[in-house]
Amino acid sequence: MPRKKIAAGNWKMNLSPNEGVKLTMNLIQGNRDPKTHVILAVPATHLSQIQDKLKYVSKIEVAAQNCHQKESGAFTGEISAPMLNSMGVKYVLVGHSERREYFGESNALLKEKIDIALKNKLKVIFCCGESLDIRKKKAHVKHVQKQLKESLLHLTAAQMKDVVIAYEPIWAIGTGETASPQQAQEMHLAIRKSLKKKYKSTADNVSILYGGSVKPANAKELFAMPDIDGGLVGGASLDAKGFGEIINSF
Ligand code: PEP
């Protein structure tokens, strides 16, 4: 089975629900490459409205941007994986660098989130990536391998089929600076090799997305690399025209 080509948008904490619906409608009505799988990671407050608009639309799915590591309990303000599953949400982002940085999410905690998400039938988009400091020390590959080992590689091959990996160098997120296609490919290949060691041929079916200032102007050359199976797109996913161009960049 060939790997899925995926254009995932991460709206972060942007747009009102109405603005989100408008953006979604524009994407639905736009000219989309039918081979591309589109995933929209929207704020929790928007999930059900956006889901509703996508009920009869193929290949556009909704993701939550986070879930708690426990299934229920006294965790005011949090959202659980069973809650997301009961709403029909298909994907959840785990390990975005903003959550690691601003909410102190460690590799060990992310492992718990991944387990609870998969147990509750959510597919996981696992984000990993290094800071500029780490890259300057040429320790970026080791750093990402550690993130994978400590959060993800305990999964079985069957579970890995429900995981998408997003390599997002922190120095490229929201900065306008993009990893070159070669820099991204180097890391994607290293990630795939780590997966292959444990999961053999299953590793060939895992989509690995690049994230970090993906825009219409650079998406084509990034997505042309052999181990880059699409993008996780922040800022540029807030504009239907631009994100539509990214969707059509494979
Ligand atoms: C992201 O939020 O995952 C991201 C990659 O953001 P941006 O595209 O804005 O750099």
# chains A, B, ... in the order shown; residues from 1 in each chain; ligands from 1
>>> residues_around(residues="Val214 of chain A", least_positions_apart="2", cutoff="10 Å", atoms="only C-alpha atoms", output="PDB file with N, CA, C and O atoms, in the first residue's frame")
ATOM      1  N   ALA A 172      12.159  26.417  12.494  1.00  0.00           N
ATOM      2  CA  ALA A 172      11.443  26.741  11.245  1.00  0.00           C
ATOM      3  C   ALA A 172       9.952  26.984  11.484  1.00  0.00           C
ATOM      4  O   ALA A 172       9.228  27.303  10.547  1.00  0.00           O
ATOM      5  N   ILE A 173       9.487  26.811  12.719  1.00  0.00           N
ATOM      6  CA  ILE A 173       8.047  26.942  12.970  1.00  0.00           C
ATOM      7  C   ILE A 173       7.675  28.399  13.213  1.00  0.00           C
ATOM      8  O   ILE A 173       8.177  29.027  14.153  1.00  0.00           O
ATOM      9  N   GLY A 174       6.846  28.931  12.330  1.00  0.00           N
ATOM     10  CA  GLY A 174       6.352  30.294  12.482  1.00  0.00           C
ATOM     11  C   GLY A 174       7.425  31.354  12.304  1.00  0.00           C
ATOM     12  O   GLY A 174       7.225  32.521  12.630  1.00  0.00           O
ATOM     13  N   GLY A 176       9.219  31.743   9.296  1.00  0.00           N
ATOM     14  CA  GLY A 176       9.432  32.086   7.887  1.00  0.00           C
ATOM     15  C   GLY A 176      10.642  31.347   7.329  1.00  0.00           C
ATOM     16  O   GLY A 176      10.864  31.306   6.122  1.00  0.00           O
ATOM     17  N   GLU A 177      11.430  30.766   8.222  1.00  0.00           N
ATOM     18  CA  GLU A 177      12.608  30.016   7.757  1.00  0.00           C
ATOM     19  C   GLU A 177      12.225  28.548   7.570  1.00  0.00           C
ATOM     20  O   GLU A 177      11.633  27.936   8.463  1.00  0.00           O
ATOM     21  N   THR A 178      12.545  27.998   6.424  1.00  0.00           N
ATOM     22  CA  THR A 178      12.172  26.596   6.150  1.00  0.00           C
ATOM     23  C   THR A 178      13.427  25.754   6.080  1.00  0.00           C
ATOM     24  O   THR A 178      14.461  26.223   5.591  1.00  0.00           O
ATOM     25  N   ALA A 179      13.334  24.510   6.531  1.00  0.00           N
ATOM     26  CA  ALA A 179      14.442  23.594   6.272  1.00  0.00           C
ATOM     27  C   ALA A 179      14.534  23.408   4.761  1.00  0.00           C
ATOM     28  O   ALA A 179      13.503  23.411   4.076  1.00  0.00           O
ATOM     29  N   TYR A 210       6.550  16.991   6.805  1.00  0.00           N
ATOM     30  CA  TYR A 210       7.465  18.055   7.212  1.00  0.00           C
ATOM     31  C   TYR A 210       6.640  19.262   7.659  1.00  0.00           C
ATOM     32  O   TYR A 210       5.632  19.612   7.023  1.00  0.00           O
ATOM     33  N   GLY A 211       7.056  19.890   8.743  1.00  0.00           N
ATOM     34  CA  GLY A 211       6.385  21.113   9.186  1.00  0.00           C
ATOM     35  C   GLY A 211       7.396  22.178   9.559  1.00  0.00           C
ATOM     36  O   GLY A 211       8.441  21.890  10.151  1.00  0.00           O
ATOM     37  N   GLY A 212       7.094  23.409   9.214  1.00  0.00           N
ATOM     38  CA  GLY A 212       7.991  24.528   9.515  1.00  0.00           C
ATOM     39  C   GLY A 212       7.975  25.490   8.356  1.00  0.00           C
ATOM     40  O   GLY A 212       8.703  25.317   7.385  1.00  0.00           O
ATOM     41  N   PRO A 216       2.877  27.932  -0.157  1.00  0.00           N
ATOM     42  CA  PRO A 216       2.701  27.520  -1.554  1.00  0.00           C
ATOM     43  C   PRO A 216       4.024  27.563  -2.329  1.00  0.00           C
ATOM     44  O   PRO A 216       4.273  26.732  -3.196  1.00  0.00           O
ATOM     45  N   ALA A 217       4.897  28.520  -1.989  1.00  0.00           N
ATOM     46  CA  ALA A 217       6.124  28.700  -2.762  1.00  0.00           C
ATOM     47  C   ALA A 217       7.168  27.605  -2.521  1.00  0.00           C
ATOM     48  O   ALA A 217       8.059  27.407  -3.350  1.00  0.00           O
ATOM     49  N   ASN A 218       7.090  26.898  -1.390  1.00  0.00           N
ATOM     50  CA  ASN A 218       8.129  25.882  -1.151  1.00  0.00           C
ATOM     51  C   ASN A 218       7.582  24.453  -1.042  1.00  0.00           C
ATOM     52  O   ASN A 218       8.344  23.500  -0.900  1.00  0.00           O
ATOM     53  N   ALA A 219       6.254  24.313  -1.064  1.00  0.00           N
ATOM     54  CA  ALA A 219       5.670  22.984  -0.813  1.00  0.00           C
ATOM     55  C   ALA A 219       6.083  21.959  -1.877  1.00  0.00           C
ATOM     56  O   ALA A 219       6.440  20.825  -1.543  1.00  0.00           O
ATOM     57  N   LYS A 220       6.076  22.380  -3.127  1.00  0.00           N
ATOM     58  CA  LYS A 220       6.359  21.431  -4.226  1.00  0.00           C
ATOM     59  C   LYS A 220       7.728  20.775  -4.060  1.00  0.00           C
ATOM     60  O   LYS A 220       7.860  19.564  -4.163  1.00  0.00           O
ATOM     61  N   LEU A 222       9.591  20.539  -1.417  1.00  0.00           N
ATOM     62  CA  LEU A 222       9.670  19.692  -0.210  1.00  0.00           C
ATOM     63  C   LEU A 222       8.973  18.355  -0.458  1.00  0.00           C
ATOM     64  O   LEU A 222       9.522  17.287  -0.185  1.00  0.00           O
ATOM     65  N   GLY A 230       4.260  14.803   2.817  1.00  0.00           N
ATOM     66  CA  GLY A 230       3.311  15.892   2.964  1.00  0.00           C
ATOM     67  C   GLY A 230       3.774  16.878   4.018  1.00  0.00           C
ATOM     68  O   GLY A 230       4.930  16.873   4.420  1.00  0.00           O
ATOM     69  N   GLY A 231       2.838  17.714   4.452  1.00  0.00           N
ATOM     70  CA  GLY A 231       3.226  18.783   5.373  1.00  0.00           C
ATOM     71  C   GLY A 231       2.241  18.963   6.511  1.00  0.00           C
ATOM     72  O   GLY A 231       1.053  18.653   6.386  1.00  0.00           O
ATOM     73  N   LEU A 232       2.782  19.448   7.629  1.00  0.00           N
ATOM     74  CA  LEU A 232       1.941  19.964   8.709  1.00  0.00           C
ATOM     75  C   LEU A 232       2.142  21.478   8.655  1.00  0.00           C
ATOM     76  O   LEU A 232       3.258  21.974   8.821  1.00  0.00           O
ATOM     77  N   VAL A 233       1.063  22.168   8.378  1.00  0.00           N
ATOM     78  CA  VAL A 233       1.159  23.578   7.992  1.00  0.00           C
ATOM     79  C   VAL A 233       0.442  24.450   9.015  1.00  0.00           C
ATOM     80  O   VAL A 233      -0.747  24.244   9.270  1.00  0.00           O
ATOM     81  N   GLY A 234       1.159  25.405   9.591  1.00  0.00           N
ATOM     82  CA  GLY A 234       0.536  26.310  10.554  1.00  0.00           C
ATOM     83  C   GLY A 234      -0.045  27.527   9.857  1.00  0.00           C
ATOM     84  O   GLY A 234      -1.142  27.487   9.280  1.00  0.00           O
ATOM     85  N   GLY A 235       0.710  28.625   9.877  1.00  0.00           N
ATOM     86  CA  GLY A 235       0.228  29.914   9.357  1.00  0.00           C
ATOM     87  C   GLY A 235      -0.439  29.832   7.998  1.00  0.00           C
ATOM     88  O   GLY A 235      -1.530  30.387   7.798  1.00  0.00           O
ATOM     89  N   ALA A 236       0.180  29.128   7.073  1.00  0.00           N
ATOM     90  CA  ALA A 236      -0.343  29.112   5.694  1.00  0.00           C
ATOM     91  C   ALA A 236      -1.630  28.300   5.562  1.00  0.00           C
ATOM     92  O   ALA A 236      -2.282  28.349   4.511  1.00  0.00           O
ATOM     93  N   SER A 237      -2.010  27.572   6.615  1.00  0.00           N
ATOM     94  CA  SER A 237      -3.267  26.802   6.511  1.00  0.00           C
ATOM     95  C   SER A 237      -4.477  27.660   6.854  1.00  0.00           C
ATOM     96  O   SER A 237      -5.618  27.213   6.733  1.00  0.00           O
ATOM     97  N   PHE A 243      -3.560  27.413   1.208  1.00  0.00           N
ATOM     98  CA  PHE A 243      -3.556  26.015   1.670  1.00  0.00           C
ATOM     99  C   PHE A 243      -4.023  25.100   0.529  1.00  0.00           C
ATOM    100  O   PHE A 243      -3.494  23.997   0.369  1.00  0.00           O
ATOM    101  N   ILE A 246      -1.133  24.360  -1.487  1.00  0.00           N
ATOM    102  CA  ILE A 246      -0.266  23.370  -0.827  1.00  0.00           C
ATOM    103  C   ILE A 246      -0.841  21.960  -1.003  1.00  0.00           C
ATOM    104  O   ILE A 246      -0.128  21.017  -1.303  1.00  0.00           O
TER     105      ILE A 246
END
>>> residues_around(residues="Val94 of chain A", least_positions_apart="3", cutoff="8 Å", atoms="only C-alpha atoms", output="CSV table (one decimal) with all heavy atoms, in the first residue's frame")
chain,number,residue,atom,x,y,z
A,65,GLN,N,-6.1,19.2,18.6
A,65,GLN,CA,-4.7,19.7,18.7
A,65,GLN,C,-4.0,19.1,19.9
A,65,GLN,O,-2.8,19.3,20.1
A,65,GLN,CB,-4.7,21.2,18.8
A,65,GLN,CG,-5.2,21.9,17.5
A,65,GLN,CD,-5.2,23.4,17.6
A,65,GLN,OE1,-4.7,23.9,18.6
A,65,GLN,NE2,-5.7,24.0,16.6
A,66,ASN,N,-4.8,18.4,20.8
A,66,ASN,CA,-4.3,17.9,22.0
A,66,ASN,C,-5.3,17.0,22.7
A,66,ASN,O,-6.5,17.0,22.4
A,66,ASN,CB,-4.0,19.1,22.9
A,66,ASN,CG,-3.4,18.7,24.3
A,66,ASN,OD1,-2.6,17.7,24.3
A,66,ASN,ND2,-3.7,19.4,25.3
A,67,CYS,N,-4.8,16.1,23.5
A,67,CYS,CA,-5.8,15.4,24.4
A,67,CYS,C,-5.0,15.1,25.7
A,67,CYS,O,-3.8,15.2,25.8
A,67,CYS,CB,-6.3,14.1,23.8
A,67,CYS,SG,-5.1,12.8,23.7
A,110,LEU,N,4.3,12.3,26.7
A,110,LEU,CA,3.7,12.2,25.3
A,110,LEU,C,3.5,10.7,25.0
A,110,LEU,O,2.5,10.3,24.3
A,110,LEU,CB,4.7,12.8,24.3
A,110,LEU,CG,4.8,14.3,24.4
A,110,LEU,CD1,5.9,14.8,23.5
A,110,LEU,CD2,3.5,15.0,24.2
A,113,LYS,N,0.2,10.0,26.3
A,113,LYS,CA,-0.9,10.5,25.5
A,113,LYS,C,-1.1,9.7,24.2
A,113,LYS,O,-2.2,9.4,23.8
A,113,LYS,CB,-0.5,12.0,25.0
A,113,LYS,CG,-0.6,12.9,26.2
A,113,LYS,CD,-0.6,14.4,25.7
A,113,LYS,CE,-0.7,15.3,26.9
A,113,LYS,NZ,-1.3,16.6,26.5
A,114,ILE,N,0.0,9.2,23.7
A,114,ILE,CA,-0.1,8.4,22.5
A,114,ILE,C,-0.9,7.1,22.8
A,114,ILE,O,-1.8,6.7,22.1
A,114,ILE,CB,1.3,8.0,21.9
A,114,ILE,CG1,1.9,9.3,21.3
A,114,ILE,CG2,1.3,6.9,20.9
A,114,ILE,CD1,3.4,9.2,20.9
A,124,VAL,N,-2.8,9.1,15.6
A,124,VAL,CA,-1.9,10.1,16.2
A,124,VAL,C,-1.0,10.7,15.2
A,124,VAL,O,-0.5,10.1,14.3
A,124,VAL,CB,-1.0,9.4,17.3
A,124,VAL,CG1,0.1,10.3,17.7
A,124,VAL,CG2,-1.9,9.0,18.5
A,125,ILE,N,-0.9,12.1,15.2
A,125,ILE,CA,0.1,12.8,14.4
A,125,ILE,C,1.1,13.2,15.4
A,125,ILE,O,0.9,14.1,16.3
A,125,ILE,CB,-0.5,14.0,13.7
A,125,ILE,CG1,-1.7,13.6,12.8
A,125,ILE,CG2,0.6,14.7,12.9
A,125,ILE,CD1,-2.4,14.7,12.1
A,126,PHE,N,2.2,12.5,15.4
A,126,PHE,CA,3.3,12.7,16.5
A,126,PHE,C,4.3,13.7,15.9
A,126,PHE,O,5.0,13.4,14.9
A,126,PHE,CB,4.0,11.4,16.8
A,126,PHE,CG,5.1,11.5,17.8
A,126,PHE,CD1,4.9,11.9,19.1
A,126,PHE,CD2,6.4,11.4,17.4
A,126,PHE,CE1,5.9,12.1,20.0
A,126,PHE,CE2,7.5,11.6,18.2
A,126,PHE,CZ,7.2,11.9,19.5
A,127,CYS,N,4.5,14.8,16.6
A,127,CYS,CA,5.4,15.8,16.2
A,127,CYS,C,6.7,15.7,16.9
A,127,CYS,O,6.8,15.4,18.1
A,127,CYS,CB,4.8,17.2,16.5
A,127,CYS,SG,3.2,17.5,15.8
>>> closest_residue(among="A:Gly73, A:Gly95, A:Pro82, A:Pro2", to="ligand 1", atoms="only C-alpha atoms and all ligand atoms")
A:Gly95
>>> select_by_dssp(residues="segment 67-140 of chain A", states="helix (DSSP H, G or I)", output="PyMOL selection string")
chain A and resi 81-86+97-102+107-119+132-136+140
>>> atom_distance(atom1="atom CA of Ala81 of chain A", atom2="atom CA of Lys123 of chain A")
10.5 Å
>>> select_by_dssp(residues="segment 6-91 of chain A", states="strand (DSSP E or B)", output="list in words")
Ile6, Ala7, Ala8, Gly9, Asn10, His37, Val38, Ile39, Leu40, Ala41, Val42, Ile60, Glu61, Val62, Ala63, Ala64 and Tyr91 of chain A
>>> residues_around(residues="segment 192-197 of chain A", least_positions_apart="4", cutoff="9 Å", atoms="only C-alpha atoms", output="number ranges by chain")
A: 145, 148-149, 153, 187-188, 201-204, 206, 208, 227
>>> closest_residue(among="A:Gly244, A:Pro169, A:Pro17, A:Gly88", to="ligand 1", atoms="only C-alpha atoms and all ligand atoms")
A:Pro169
>>> residues_around(residues="Ile28 of chain A", least_positions_apart="2", cutoff="12 Å", atoms="only C-alpha atoms", output="NGL selection string")
:A and (21-26 or 30-34 or 38 or 40 or 50 or 53-61 or 240-241 or 243-244 or 247)
>>> closest_residue(among="A:Ile170, A:Ile79, A:Leu84, A:Leu93", to="Lys12 of chain A", atoms="only C-alpha atoms")
A:Leu93
>>> residues_around(residues="Lys146 of chain A", least_positions_apart="6", cutoff="10 Å", atoms="only C-alpha atoms", output="PyMOL selection string")
chain A and resi 107+128+140+152-153
